[in-house]
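Listing of protein_38.cif; format and content: mmCIF, C-alpha atoms and all ligand atoms.
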data_data
loop_
_atom_site.label_atom_id
_atom_site.label_comp_id
_atom_site.auth_asym_id
_atom_site.auth_seq_id
_atom_site.Cartn_x
_atom_site.Cartn_y
_atom_site.Cartn_z
CA MET A 1 71.79 107.22 85.45
CA ARG A 2 74.96 106.70 87.41
CA VAL A 3 78.13 108.65 86.77
CA LEU A 4 81.71 108.34 88.07
CA VAL A 5 83.86 111.47 88.37
CA VAL A 6 87.63 110.88 88.64
CA GLU A 7 89.29 114.15 89.57
CA ASP A 8 92.05 114.91 92.09
CA GLU A 9 91.30 118.61 92.61
CA PRO A 10 88.90 118.52 95.61
CA ASP A 11 87.01 121.73 94.78
CA LEU A 12 86.48 120.78 91.17
CA LEU A 13 85.47 117.24 92.11
CA ALA A 14 82.93 118.56 94.64
CA SER A 15 81.42 121.08 92.23
CA VAL A 16 81.07 118.56 89.39
CA VAL A 17 79.60 115.91 91.72
CA ASN A 18 77.11 118.45 93.13
CA ALA A 19 76.07 119.70 89.69
CA LEU A 20 75.42 116.17 88.48
CA ARG A 21 73.50 115.27 91.66
CA GLU A 22 71.36 118.37 91.31
CA ASP A 23 70.59 117.20 87.79
CA GLY A 24 69.33 113.89 89.19
CA TYR A 25 72.29 111.58 88.60
CA ALA A 26 73.57 109.04 91.06
CA VAL A 27 77.22 110.08 91.36
CA ASP A 28 80.36 108.52 92.81
CA GLY A 29 83.67 110.36 93.04
CA ALA A 30 87.27 109.13 92.97
CA VAL A 31 90.30 111.24 93.91
CA ASP A 32 93.03 109.26 92.16
CA GLY A 33 93.45 106.87 89.25
CA GLU A 34 93.63 103.76 91.37
CA GLU A 35 90.32 104.40 93.11
CA GLY A 36 88.83 105.49 89.78
CA LEU A 37 89.88 102.33 87.98
CA TYR A 38 88.62 100.15 90.83
CA LYS A 39 85.20 101.78 90.76
CA ALA A 40 85.02 101.88 86.95
CA GLU A 41 85.73 98.14 86.80
CA ASN A 42 83.53 97.07 89.68
CA TYR A 43 80.42 99.25 89.39
CA GLU A 44 78.11 99.87 86.46
CA TYR A 45 78.30 103.47 85.26
CA ASP A 46 76.45 105.13 82.40
CA ALA A 47 79.28 107.62 81.95
CA ILE A 48 82.70 108.37 83.43
CA LEU A 49 84.26 111.85 83.64
CA LEU A 50 88.01 111.33 83.67
CA ASP A 51 90.75 113.84 84.45
CA ILE A 52 94.10 113.16 82.72
CA MET A 53 96.67 114.25 85.32
CA LEU A 54 95.90 112.03 88.31
CA PRO A 55 97.94 110.56 91.18
CA LYS A 56 98.83 106.82 91.16
CA ILE A 57 97.40 105.98 87.72
CA ASP A 58 96.94 108.75 85.16
CA GLY A 59 93.84 109.14 83.01
CA TRP A 60 95.46 107.61 79.92
CA GLU A 61 96.48 104.45 81.73
CA LEU A 62 93.13 104.19 83.50
CA LEU A 63 91.35 104.45 80.14
CA ARG A 64 93.65 101.89 78.52
CA ARG A 65 93.05 99.34 81.28
CA LEU A 66 89.32 100.02 81.42
CA ARG A 67 88.95 99.50 77.66
CA LEU A 68 90.35 95.97 77.98
CA ARG A 69 87.20 95.09 79.87
CA LYS A 70 84.47 97.68 79.43
CA LYS A 71 82.92 100.09 76.95
CA THR A 72 81.53 102.58 79.52
CA PRO A 73 81.36 106.00 77.79
CA VAL A 74 84.25 108.23 78.91
CA LEU A 75 84.48 112.02 78.79
CA MET A 76 88.09 113.16 79.23
CA LEU A 77 88.73 116.40 81.12
CA THR A 78 91.82 117.90 79.52
CA ALA A 79 93.77 120.58 81.36
CA ARG A 80 94.63 122.60 78.31
CA ASP A 81 93.44 123.07 74.81
CA ALA A 82 96.12 120.86 73.32
CA ILE A 83 95.21 119.17 70.06
CA ARG A 84 97.63 116.37 70.84
CA ASP A 85 95.72 115.53 74.05
CA ARG A 86 92.39 115.53 72.28
CA VAL A 87 93.63 113.29 69.47
CA ARG A 88 95.30 110.96 71.93
CA GLY A 89 92.14 110.82 74.03
CA LEU A 90 89.91 109.91 71.13
CA ASP A 91 92.47 107.39 69.80
CA SER A 92 92.67 105.78 73.25
CA GLY A 93 88.97 105.06 73.34
CA ALA A 94 87.59 108.21 74.97
CA ASP A 95 84.16 109.15 73.65
CA ASP A 96 84.43 112.89 74.10
CA TYR A 97 86.61 115.48 75.80
CA LEU A 98 86.12 118.80 77.53
CA VAL A 99 88.79 121.44 78.08
CA LYS A 100 89.26 122.97 81.55
CA PRO A 101 88.04 125.34 82.75
CA PHE A 102 84.61 124.36 81.49
CA ASP A 103 81.13 125.68 81.95
CA VAL A 104 79.01 123.39 84.12
CA ASP A 105 76.03 123.64 81.76
CA GLU A 106 78.22 122.48 78.89
CA LEU A 107 79.48 119.60 81.02
CA LEU A 108 75.91 118.50 81.78
CA ALA A 109 74.94 118.77 78.11
CA ARG A 110 77.96 116.65 77.10
CA VAL A 111 77.07 114.00 79.67
CA ARG A 112 73.48 113.83 78.40
CA ALA A 113 74.72 113.54 74.80
CA LEU A 114 77.19 110.83 75.78
CA ILE A 115 74.52 108.76 77.49
CA ARG A 116 72.10 109.31 74.59
CA ARG A 117 74.69 108.20 72.04
CA SER A 118 75.60 105.10 73.98
CA ALA A 119 71.91 104.17 73.98
CA SER A 120 71.83 104.87 70.21
CA GLU A 121 69.27 107.66 70.54
CA ALA A 122 69.37 110.17 67.67
CA THR A 123 67.45 112.90 69.47
CA SER A 124 66.64 113.85 73.03
CA ARG A 125 62.92 113.12 72.59
CA ILE A 126 61.49 109.67 73.28
CA GLU A 127 57.80 108.94 72.70
CA LEU A 128 56.16 105.93 74.32
CA GLY A 129 52.45 105.88 73.58
CA GLU A 130 50.87 108.84 75.32
CA VAL A 131 54.05 109.61 77.25
CA ALA A 132 56.85 111.80 75.86
CA ILE A 133 60.24 112.23 77.54
CA ASP A 134 62.76 114.93 76.69
CA THR A 135 66.14 113.85 78.03
CA ALA A 136 67.67 117.30 77.37
CA THR A 137 65.18 119.24 79.48
CA ARG A 138 64.18 116.25 81.66
CA ALA A 139 60.56 117.08 80.93
CA VAL A 140 57.92 114.36 80.87
CA THR A 141 54.45 114.84 79.42
CA ARG A 142 51.40 112.60 79.18
CA ASN A 143 48.97 113.47 76.39
CA GLY A 144 50.81 116.78 76.15
CA GLU A 145 50.28 117.61 79.84
CA PRO A 146 53.50 118.27 81.81
CA LEU A 147 54.07 115.90 84.74
CA MET A 148 56.04 116.55 87.90
CA LEU A 149 58.40 113.68 88.69
CA THR A 150 60.95 113.54 91.49
CA ALA A 151 64.60 113.27 90.41
CA ARG A 152 64.60 109.56 91.30
CA GLU A 153 61.38 108.90 89.43
CA TYR A 154 62.70 110.72 86.39
CA SER A 155 65.94 108.72 86.45
CA LEU A 156 64.00 105.49 86.58
CA VAL A 157 61.67 106.51 83.73
CA GLU A 158 64.62 107.68 81.62
CA TYR A 159 66.61 104.51 82.19
CA LEU A 160 63.70 102.28 81.24
CA ALA A 161 62.87 104.47 78.23
CA LEU A 162 66.45 104.31 76.94
CA HIS A 163 66.24 100.51 77.26
CA ARG A 164 62.67 100.20 76.03
CA GLY A 165 61.52 96.83 74.78
CA LYS A 166 64.11 95.12 76.98
CA LEU A 167 63.72 93.49 80.35
CA VAL A 168 65.62 95.58 82.92
CA THR A 169 66.40 93.64 86.07
CA ARG A 170 66.05 95.07 89.53
CA THR A 171 69.78 94.55 90.06
CA THR A 172 70.54 96.62 86.97
CA LEU A 173 68.30 99.42 88.23
CA TYR A 174 69.96 99.42 91.63
CA GLU A 175 73.37 99.58 89.94
CA HIS A 176 72.50 102.45 87.62
CA LEU A 177 70.22 104.63 89.75
CA PHE A 178 71.84 104.66 93.16
CA ASN A 179 75.33 105.68 94.22
CA GLU A 180 77.44 103.83 96.75
CA ASP A 181 76.38 106.07 99.66
CA ASP A 182 72.63 105.88 99.11
CA ASP A 183 70.80 104.52 102.09
CA THR A 184 68.42 101.65 101.67
CA LEU A 185 65.26 103.62 102.46
CA SER A 186 65.64 105.82 99.39
CA ASN A 187 66.24 102.71 97.33
CA LEU A 188 62.76 101.30 97.50
CA LEU A 189 62.26 100.59 93.83
CA ASP A 190 58.72 99.32 94.24
CA VAL A 191 57.64 102.61 95.79
CA HIS A 192 59.13 104.59 92.91
CA VAL A 193 57.53 102.30 90.34
CA SER A 194 54.16 102.60 92.06
CA ASN A 195 54.41 106.42 92.11
CA ILE A 196 55.41 106.53 88.45
CA ARG A 197 52.40 104.37 87.52
CA LYS A 198 50.11 106.80 89.32
CA LYS A 199 51.50 109.62 87.19
CA LEU A 200 52.15 107.95 83.83
CA GLY A 201 49.47 105.28 83.82
CA HIS A 202 49.48 101.80 85.29
CA ASP A 203 50.49 100.14 82.02
CA PHE A 204 53.52 102.36 81.44
CA ILE A 205 55.82 99.97 83.28
CA SER A 206 55.14 96.26 83.14
CA THR A 207 56.48 93.99 85.85
CA ARG A 208 58.07 90.67 84.93
CA ARG A 209 57.57 88.85 88.16
CA GLY A 210 60.84 87.84 89.76
CA HIS A 211 62.85 89.33 86.90
CA GLY A 212 62.40 93.07 86.60
CA TYR A 213 60.63 95.79 84.66
CA CYS A 214 59.99 96.72 81.07
CA VAL A 215 58.48 99.61 79.10
CA GLU A 216 57.34 99.01 75.52
CA CA B 301 94.36 116.58 87.88
#
Can you present the structure in this file as structure tokens?
Ligand code: CA
Amino acid sequence: MRVLVVEDEPDLLASVVNALREDGYAVDGAVDGEEGLYKAENYEYDAILLDIMLPKIDGWELLRRLRLRKKTPVLMLTARDAIRDRVRGLDSGADDYLVKPFDVDELLARVRALIRRSASEATSRIELGEVAIDTATRAVTRNGEPLMLTAREYSLVEYLALHRGKLVTRTTLYEHLFNEDDDTLSNLLDVHVSNIRKKLGHDFISTRRGHGYCVE
């Protein structure tokens, strides 16, 4: 899953980006509204964390312009517990909001819930044959046995599971699992797929030659 964080306070931006990366997300940051809008429009994100008070273009305007083109889930970061801001945020097409200062664990839980809702998942548990995935704890089991996946492998499994039954192209996977600074060596999808098959069973991911991957 790939997340964009638009926040002009450098320390807060760095801590949110680090927390998300530690949780296995591919994360891009933007320090003002102009950069944020550019990235939001031109890259494929699974969620956007959006501060309201931003240089160049504020969060409201960024959200308004983004909603003309895209439905990417947006979590607004509001500076104060003002009901007016929350109402305005939700009316403007934000999907959720969080009041600063926030607890990083709550932020991560909100992001997971946002991504789950946008994939129309009612609960955090997804069962696919003998494999079960818990998107809240990021735990994967096969026949009840816990499996150790790397952060990248987990992200790939989760993305395919949330889009199960659909063909997911390689381009889509590159867009959603890697951030703009990732080097090409870590991007070797085939290697990740091969490692996942060793752990979850060869049939867990089917390859559609020349098109992409699918889990049923
Ligand atoms: Ca700000």
Contacts to ligand CA 301 (chain B) at 10 Å cut-off (all atoms listed in the file) as a PyMOL selection string = chain A and resi 6-10+12-13+31-33+50-55+58-59+77-79
What does the file look like for those residues with C-alpha atoms, as a compact mmCIF listing (two decimals), in the coordinates of the input?
# COMPACT_ATOMS: atom_id res chain seq x y z
CA VAL A 6 87.63 110.88 88.64
CA GLU A 7 89.29 114.15 89.57
CA ASP A 8 92.05 114.91 92.09
CA GLU A 9 91.30 118.61 92.61
CA PRO A 10 88.90 118.52 95.61
CA LEU A 12 86.48 120.78 91.17
CA LEU A 13 85.47 117.24 92.11
CA VAL A 31 90.30 111.24 93.91
CA ASP A 32 93.03 109.26 92.16
CA GLY A 33 93.45 106.87 89.25
CA LEU A 50 88.01 111.33 83.67
CA ASP A 51 90.75 113.84 84.45
CA ILE A 52 94.10 113.16 82.72
CA MET A 53 96.67 114.25 85.32
CA LEU A 54 95.90 112.03 88.31
CA PRO A 55 97.94 110.56 91.18
CA ASP A 58 96.94 108.75 85.16
CA GLY A 59 93.84 109.14 83.01
CA LEU A 77 88.73 116.40 81.12
CA THR A 78 91.82 117.90 79.52
CA ALA A 79 93.77 120.58 81.36
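Counting all atoms listed in the file and comparing A:Leu162, A:Ile57, A:Leu200, A:Val215, the residue that lies closest to Ser120 of chain A is A:Leu162.
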Residue with the minimum atom-to-atom distance to Thr137 of chain A, picked from A:Asp190, A:Glu61, A:Glu158, A:Glu153 with all atoms listed in the file counted, is A:Glu158
Show me as a ChimeraX atom specification the residues that reach within 12 Å of (62.4, 88.7, 88.2), counting only C-alpha atoms and using the file's own coordinates.
-> /A:167-172,206-214
Between atom CA of Asn195 of chain A and atom CA of Ala122 of chain A, measure the distance and give it in Å to one decimal.
-> 28.9 Å
Please identify all polymer residues within 12 Å of Glu145 of chain A, counting only C-alpha atoms, omitting same-chain residues fewer than 6 positions from it, and present them as number ranges by chain.
-> A: 130-133, 139, 199-200
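The shortest atom-to-atom distance to Leu114 of chain A, with only C-alpha atoms taken into account, belongs to A:Asp96 out of A:Asp11, A:Gly29, A:Arg138, A:Asp96.
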Nearest-residue call for Gly201 of chain A, choices A:Val99, A:Leu75, A:Leu173, A:Leu128, using all atoms listed in the file | A:Leu128
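Contact shell of Tyr43 of chain A at 12 Å (only C-alpha atoms; same-chain neighbours under 3 positions omitted): Arg2, Val3, Leu4, Val27, Asp28, Glu35, Gly36, Leu37, Tyr38, Lys39, Ala40, Asp46, Ala47, Ile48, Leu66, Lys70, Thr72, Thr171, Thr172, Tyr174, Glu175, His176, Leu177, Phe178, Asn179 and Glu180 of chain A.
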Counting all atoms listed in the file, what is within 12 Å of segment 117-119 of chain A, bar same-chain residues fewer than 3 positions away, as a PyMOL selection string?
-> chain A and resi 1+45-47+71-74+95-96+110-114+122-124+126+135+158-164
Tell me, in Å to one decimal, how far atom CA of Gly165 of chain A is from atom CA of Ala136 of chain A.
-> 21.5 Å
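Candidate residues A:Leu98, A:Leu147, A:Ile196, A:Leu189 were compared for distance to Asp85 of chain A, and the nearest is A:Leu98, using all atoms listed in the file.
The closest residue to Pro101 of chain A, picked from A:Val16, A:Met148, A:Leu188, A:Ile205 and counting only C-alpha atoms, is A:Val16.
The two atoms in question, atom CA of Leu68 of chain A and atom CA of Tyr97 of chain A, are spaced 20.0 Å apart.
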